[in-house]
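Visitor: The following block contains the structure, expressed as structure tokens.
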Amino acid sequence: MGELWRAALDLVLGACCPLCGEPGAGACRRCATALAPEPSPFTLGAFEVVAAGTHTDARRDALLAWKVGGEVALDALMAHQMAAAVLVLLEDGPSVGLVPVPTTRRSRRERGRDLVADLAARTATVLAEVGVGARVERLLRLTRQTRDQHALDRSSRRRNLAGSMRSSEPPRGVPLVLVDDVVTTGATLLEAARAVSRWGPAEVLGGAALAVASHPTEGIRSR
Ligand SMILES: [Zn+2]
């Protein structure tokens with residue numbers, strides 16, 4: 001028992017901020033402050049999206065460490081960022097269903113987990129702490145494995161994703177927010193919205209993301 005306790009203590013003392021190396025668990029106060037959410041609403045056509053910030057500087061570095069570097073110590077920080085974006089869409093609604101966009105098998109293998117689904121789950125916990133009844137609604141699945149979007153231009157991304165998602169029937173009477181990590185062209189969120197709306201007029205408030213590309217491409221309009 002004594003050894004276990006020491007091992008647990010070592011885990012804490014050995015931990016440091018994954019962004020600057022400051023000792024402690026998770027992101028330190030300074031880094032978290034530098035990443036304070038600045039939710040920016042914009043629209044993709046008629047679809048409303050709120051990102052916690054732009055995909056630049058410290059936020060871009062943090063997202064890279066989290067997504068590519070596998071820094072699970074940043075999970076809590078990312079969940080707070082996402083909660084801030086969701087709250088802008090929700091205004092003062094008492095409850096929300098968070099719908100993660102689906103992950104390809106390749107991405108799940110590379111990351112070792114379904115990053116967006118895990119993010120949605122942690123975000124629901126953060127929202128509950130501020131009195132919002134949030135639950136994850138895993139409505140969406142891929143009907144085929146899509147290509148890695150990174151090297152694709154805007155029209156190729158749209159073609160790559162067109163018809164790639166299917167949605168289960170959304171719950172009635174629960175406003176929904178579609179959750180993604182980074183919005184580049186918006187093709188993923190729009191495909192997700194299309195799939196959910198096939199069931200009729202579900203109450204989709206919009207999409208929420210951790211960041212939006214710094215130079216939004218044609219079709220994205222600031223509000
Ligand atoms: Zn730090």
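Residues in the structure tokens are named by chain (A, B, ... in the order shown) and by number from 1 within that chain; ligands are numbered from 1 in the order shown.
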Just want the residues within 6 Å of ligand 1, written as a PyMOL selection string, counting only C-alpha atoms and all ligand atoms.
Guide: chain A and resi 17+19-20+22+27-28+30-31
Visitor: The selected residues should be written to file as a short mmCIF file (atom, residue, chain, number, x, y, z; two decimals), in the first residue's frame (atoms: N, CA, C and O atoms).
Guide:
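The file below, part-v2.cif, is the result:
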data_model
loop_
_atom_site.label_atom_id
_atom_site.label_comp_id
_atom_site.auth_asym_id
_atom_site.auth_seq_id
_atom_site.Cartn_x
_atom_site.Cartn_y
_atom_site.Cartn_z
N CYS A 17 3.65 20.37 -17.36
CA CYS A 17 2.79 20.96 -18.39
C CYS A 17 3.28 20.48 -19.76
O CYS A 17 4.46 20.67 -20.08
N LEU A 19 2.90 21.71 -22.50
CA LEU A 19 3.17 22.81 -23.44
C LEU A 19 4.47 23.54 -23.12
O LEU A 19 5.15 24.02 -24.02
N CYS A 20 4.84 23.68 -21.84
CA CYS A 20 6.05 24.43 -21.51
C CYS A 20 6.98 23.70 -20.56
O CYS A 20 8.10 24.15 -20.32
N GLU A 22 6.59 23.17 -17.35
CA GLU A 22 6.41 23.57 -15.94
C GLU A 22 5.88 22.37 -15.14
O GLU A 22 4.94 21.70 -15.60
N ALA A 27 -2.09 21.21 -18.34
CA ALA A 27 -1.58 22.51 -18.78
C ALA A 27 -1.44 23.43 -17.57
O ALA A 27 -2.31 23.47 -16.70
N CYS A 28 -0.31 24.16 -17.48
CA CYS A 28 -0.10 25.08 -16.35
C CYS A 28 -0.99 26.31 -16.52
O CYS A 28 -1.57 26.54 -17.58
N ARG A 30 -0.24 29.44 -16.78
CA ARG A 30 0.21 30.41 -17.79
C ARG A 30 -0.22 29.97 -19.20
O ARG A 30 -0.75 30.76 -19.98
N CYS A 31 0.01 28.68 -19.52
CA CYS A 31 -0.36 28.19 -20.85
C CYS A 31 -1.89 28.20 -21.02
O CYS A 31 -2.39 28.55 -22.09
#
Visitor: Name the residues of region 34-204 of chain A that fall into strand (DSSP E) according to DSSP on the backbone, using the chain letters and numbers of this document, as a compact mmCIF listing (two decimals) with N, CA, C and O atoms, in the first residue's frame.
Guide:
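And here's part-v8.txt as it stands now:
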# COMPACT_ATOMS: atom_id res chain seq x y z
N SER A 40 -15.42 32.33 -31.62
CA SER A 40 -15.72 33.16 -32.79
C SER A 40 -16.78 32.48 -33.65
O SER A 40 -16.52 31.43 -34.23
N PRO A 41 -17.99 33.05 -33.69
CA PRO A 41 -19.04 32.47 -34.53
C PRO A 41 -18.84 32.83 -36.00
O PRO A 41 -18.38 33.92 -36.32
N PHE A 42 -19.14 31.90 -36.88
CA PHE A 42 -19.14 32.17 -38.31
C PHE A 42 -20.16 31.22 -38.94
O PHE A 42 -20.73 30.38 -38.25
N THR A 43 -20.41 31.40 -40.22
CA THR A 43 -21.38 30.52 -40.86
C THR A 43 -20.75 29.82 -42.05
O THR A 43 -19.87 30.35 -42.73
N LEU A 44 -21.22 28.60 -42.28
CA LEU A 44 -20.89 27.83 -43.48
C LEU A 44 -22.20 27.76 -44.25
O LEU A 44 -23.06 26.97 -43.90
N PHE A 47 -25.30 27.31 -42.11
CA PHE A 47 -24.99 26.52 -40.92
C PHE A 47 -24.08 27.31 -39.99
O PHE A 47 -23.02 27.79 -40.40
N GLU A 48 -24.50 27.43 -38.76
CA GLU A 48 -23.75 28.24 -37.80
C GLU A 48 -22.67 27.41 -37.09
O GLU A 48 -22.92 26.29 -36.68
N VAL A 49 -21.50 27.99 -36.95
CA VAL A 49 -20.38 27.30 -36.30
C VAL A 49 -19.73 28.25 -35.31
O VAL A 49 -19.63 29.46 -35.57
N VAL A 50 -19.31 27.70 -34.17
CA VAL A 50 -18.51 28.49 -33.22
C VAL A 50 -17.22 27.74 -32.96
O VAL A 50 -17.24 26.56 -32.59
N ALA A 51 -16.09 28.41 -33.18
CA ALA A 51 -14.78 27.83 -32.85
C ALA A 51 -14.24 28.54 -31.62
O ALA A 51 -14.48 29.74 -31.44
N SER A 95 -30.20 22.09 -21.81
CA SER A 95 -29.64 20.79 -22.16
C SER A 95 -29.18 20.78 -23.61
O SER A 95 -29.62 21.58 -24.43
N VAL A 96 -28.29 19.84 -23.90
CA VAL A 96 -27.75 19.75 -25.25
C VAL A 96 -27.26 18.32 -25.50
O VAL A 96 -26.79 17.64 -24.58
N GLY A 97 -27.40 17.88 -26.74
CA GLY A 97 -26.81 16.61 -27.16
C GLY A 97 -25.59 16.91 -28.02
O GLY A 97 -25.68 17.68 -28.98
N LEU A 98 -24.45 16.36 -27.65
CA LEU A 98 -23.22 16.59 -28.41
C LEU A 98 -23.01 15.44 -29.39
O LEU A 98 -22.94 14.28 -28.98
N VAL A 99 -22.91 15.78 -30.66
CA VAL A 99 -22.80 14.76 -31.70
C VAL A 99 -21.39 14.81 -32.31
O VAL A 99 -21.09 15.70 -33.09
N PRO A 100 -20.51 13.88 -31.92
CA PRO A 100 -19.16 13.92 -32.49
C PRO A 100 -19.17 13.50 -33.95
O PRO A 100 -19.92 12.60 -34.34
N GLY A 133 -27.32 20.18 -18.82
CA GLY A 133 -27.51 18.74 -18.99
C GLY A 133 -27.03 18.33 -20.37
O GLY A 133 -27.73 18.49 -21.36
N ALA A 134 -25.80 17.84 -20.44
CA ALA A 134 -25.23 17.49 -21.74
C ALA A 134 -24.98 15.99 -21.81
O ALA A 134 -24.54 15.38 -20.84
N ARG A 135 -25.29 15.41 -22.94
CA ARG A 135 -24.94 14.01 -23.15
C ARG A 135 -24.43 13.83 -24.57
O ARG A 135 -24.74 14.62 -25.46
N VAL A 136 -23.63 12.80 -24.75
CA VAL A 136 -23.07 12.53 -26.07
C VAL A 136 -24.08 11.70 -26.86
O VAL A 136 -24.61 10.70 -26.35
N LEU A 140 -23.64 9.57 -35.61
CA LEU A 140 -23.03 9.52 -36.94
C LEU A 140 -22.04 8.37 -37.09
O LEU A 140 -21.29 8.07 -36.18
N ARG A 141 -22.07 7.77 -38.27
CA ARG A 141 -21.02 6.79 -38.59
C ARG A 141 -20.65 6.97 -40.05
O ARG A 141 -21.43 7.53 -40.85
N LEU A 142 -19.48 6.49 -40.40
CA LEU A 142 -19.01 6.59 -41.78
C LEU A 142 -19.57 5.43 -42.58
O LEU A 142 -19.58 4.29 -42.12
N MET A 165 -21.35 10.00 -44.59
CA MET A 165 -21.85 9.78 -43.22
C MET A 165 -23.32 9.38 -43.23
O MET A 165 -24.09 9.81 -44.08
N ARG A 166 -23.67 8.59 -42.25
CA ARG A 166 -25.08 8.23 -42.04
C ARG A 166 -25.39 8.51 -40.58
O ARG A 166 -24.55 8.32 -39.70
N SER A 167 -26.63 8.95 -40.35
CA SER A 167 -27.02 9.29 -38.98
C SER A 167 -28.14 8.38 -38.50
O SER A 167 -29.05 8.05 -39.25
N LEU A 176 -29.18 19.86 -30.60
CA LEU A 176 -27.94 19.14 -30.88
C LEU A 176 -26.84 20.10 -31.34
O LEU A 176 -27.11 21.08 -32.04
N VAL A 177 -25.62 19.81 -30.95
CA VAL A 177 -24.46 20.53 -31.46
C VAL A 177 -23.50 19.49 -32.04
O VAL A 177 -23.16 18.51 -31.38
N LEU A 178 -23.09 19.70 -33.28
CA LEU A 178 -22.14 18.80 -33.92
C LEU A 178 -20.73 19.21 -33.51
O LEU A 178 -20.40 20.40 -33.51
N VAL A 179 -19.92 18.24 -33.14
CA VAL A 179 -18.61 18.52 -32.55
C VAL A 179 -17.48 18.02 -33.46
O VAL A 179 -17.48 16.87 -33.88
N VAL A 182 -10.93 20.60 -35.57
CA VAL A 182 -10.49 21.79 -36.30
C VAL A 182 -11.32 21.94 -37.57
O VAL A 182 -11.53 20.97 -38.30
N VAL A 183 -11.80 23.15 -37.84
CA VAL A 183 -12.54 23.42 -39.07
C VAL A 183 -11.57 24.04 -40.07
O VAL A 183 -10.97 25.08 -39.80
N VAL A 204 -30.83 21.11 -34.77
CA VAL A 204 -29.36 21.24 -34.77
C VAL A 204 -29.01 22.72 -34.63
O VAL A 204 -29.33 23.53 -35.49
Visitor: When distances are computed from only C-alpha atoms, which of A:Leu87, A:Ala202, A:Ala162, A:Ala34 shows the smallest separation from Ala128 (chain A)?
Guide: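 Nearest candidate to Ala128 (chain A) out of A:Leu87, A:Ala202, A:Ala162, A:Ala34: A:Leu87.
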Visitor: When you count only C-alpha atoms, which of these residues is closest to Glu169 (chain A): A:Asp181, A:Asp153, A:Asp114, A:Glu137?
Guide: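 Comparing A:Asp181, A:Asp153, A:Asp114, A:Glu137 against Glu169 (chain A), the winner is A:Glu137.
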Visitor: Report as a PDB file with N, CA and C atoms, in the first residue's frame: the residues of region 148-178 of chain A with a DSSP assignment of helix (DSSP H, G or I), based on the backbone of this structure.
Guide:
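Contents of states_23.pdb, freshly written:
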ATOM      1  N   ARG A 154     -10.154  22.351 -51.505  1.00  0.00           N
ATOM      2  CA  ARG A 154     -11.522  22.493 -51.046  1.00  0.00           C
ATOM      3  C   ARG A 154     -12.520  21.593 -51.787  1.00  0.00           C
ATOM      4  N   SER A 155     -12.453  21.606 -53.128  1.00  0.00           N
ATOM      5  CA  SER A 155     -13.448  20.823 -53.868  1.00  0.00           C
ATOM      6  C   SER A 155     -13.154  19.324 -53.715  1.00  0.00           C
ATOM      7  N   SER A 156     -11.887  18.959 -53.608  1.00  0.00           N
ATOM      8  CA  SER A 156     -11.563  17.542 -53.403  1.00  0.00           C
ATOM      9  C   SER A 156     -12.045  17.065 -52.044  1.00  0.00           C
ATOM     10  N   ARG A 157     -11.945  17.941 -51.049  1.00  0.00           N
ATOM     11  CA  ARG A 157     -12.434  17.581 -49.710  1.00  0.00           C
ATOM     12  C   ARG A 157     -13.932  17.324 -49.754  1.00  0.00           C
ATOM     13  N   ARG A 158     -14.628  18.192 -50.459  1.00  0.00           N
ATOM     14  CA  ARG A 158     -16.085  18.040 -50.522  1.00  0.00           C
ATOM     15  C   ARG A 158     -16.440  16.717 -51.196  1.00  0.00           C
ATOM     16  N   ARG A 159     -15.732  16.420 -52.305  1.00  0.00           N
ATOM     17  CA  ARG A 159     -15.993  15.154 -53.026  1.00  0.00           C
ATOM     18  C   ARG A 159     -15.633  13.961 -52.143  1.00  0.00           C
ATOM     19  N   ASN A 160     -14.524  14.078 -51.425  1.00  0.00           N
ATOM     20  CA  ASN A 160     -14.058  12.989 -50.561  1.00  0.00           C
ATOM     21  C   ASN A 160     -15.104  12.642 -49.500  1.00  0.00           C
ATOM     22  N   LEU A 161     -15.809  13.673 -49.012  1.00  0.00           N
ATOM     23  CA  LEU A 161     -16.738  13.465 -47.891  1.00  0.00           C
ATOM     24  C   LEU A 161     -18.186  13.285 -48.317  1.00  0.00           C
TER      25      LEU A 161
END
Visitor: Write out as a ChimeraX atom specification each polymer residue whose atoms come within 6 Å of Thr54 (chain A), counting only C-alpha atoms; drop sequence neighbours fewer than 5 positions from it.
Guide: /A:211-214
Visitor: I need the chosen residues saved as a PDB file, in the first residue's frame, with N, CA, C and O atoms.
Guide:
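Below is the file out_11.pdb, written as the result:
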ATOM      1  N   ALA A 211     -10.909  24.965 -33.057  1.00  0.00           N
ATOM      2  CA  ALA A 211     -10.226  26.026 -33.810  1.00  0.00           C
ATOM      3  C   ALA A 211     -10.737  26.055 -35.233  1.00  0.00           C
ATOM      4  O   ALA A 211     -11.221  25.055 -35.762  1.00  0.00           O
ATOM      5  N   VAL A 212     -10.619  27.234 -35.837  1.00  0.00           N
ATOM      6  CA  VAL A 212     -10.944  27.389 -37.257  1.00  0.00           C
ATOM      7  C   VAL A 212      -9.674  27.849 -37.956  1.00  0.00           C
ATOM      8  O   VAL A 212      -8.876  28.604 -37.392  1.00  0.00           O
ATOM      9  N   ALA A 213      -9.473  27.368 -39.183  1.00  0.00           N
ATOM     10  CA  ALA A 213      -8.279  27.736 -39.956  1.00  0.00           C
ATOM     11  C   ALA A 213      -8.118  29.249 -39.989  1.00  0.00           C
ATOM     12  O   ALA A 213      -9.098  29.985 -40.078  1.00  0.00           O
ATOM     13  N   SER A 214      -6.876  29.688 -39.928  1.00  0.00           N
ATOM     14  CA  SER A 214      -6.605  31.119 -39.792  1.00  0.00           C
ATOM     15  C   SER A 214      -7.039  31.904 -41.015  1.00  0.00           C
ATOM     16  O   SER A 214      -7.375  33.074 -40.932  1.00  0.00           O
TER      17      SER A 214
END
Visitor: Determine the nearest neighbour of Gln145 (chain A) from the options A:Arg105, A:Gly206, A:Gly26, A:Arg113, counting only C-alpha atoms.
Guide: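 Answer, going by the shortest atom-to-atom distance: A:Arg105.
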Visitor: Would you pick out the contacts of Arg194 (chain A) at 9 Å or less, using only C-alpha atoms, so that residues sharing its chain but fewer than 3 positions from it are not included, and give the list as a ChimeraX atom specification?
Guide: /A:163,165-166,189-191,197-198
Visitor: Under the rule that only C-alpha atoms are counted, which of A:Ala193, A:Leu63, A:Ala124, A:Leu152 is the nearest residue to Leu139 (chain A)?
Guide: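 Of A:Ala193, A:Leu63, A:Ala124, A:Leu152, the one nearest Leu139 (chain A), counting only C-alpha atoms, is A:Ala193.
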Visitor: For a quick check of understanding, using only C-alpha atoms, which of A:Glu110, A:Ala85, A:Thr56, A:Gly24 has the smallest distance to Pro39 (chain A)?
Guide: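 Among the listed residues, A:Ala85 lies closest to Pro39 (chain A).
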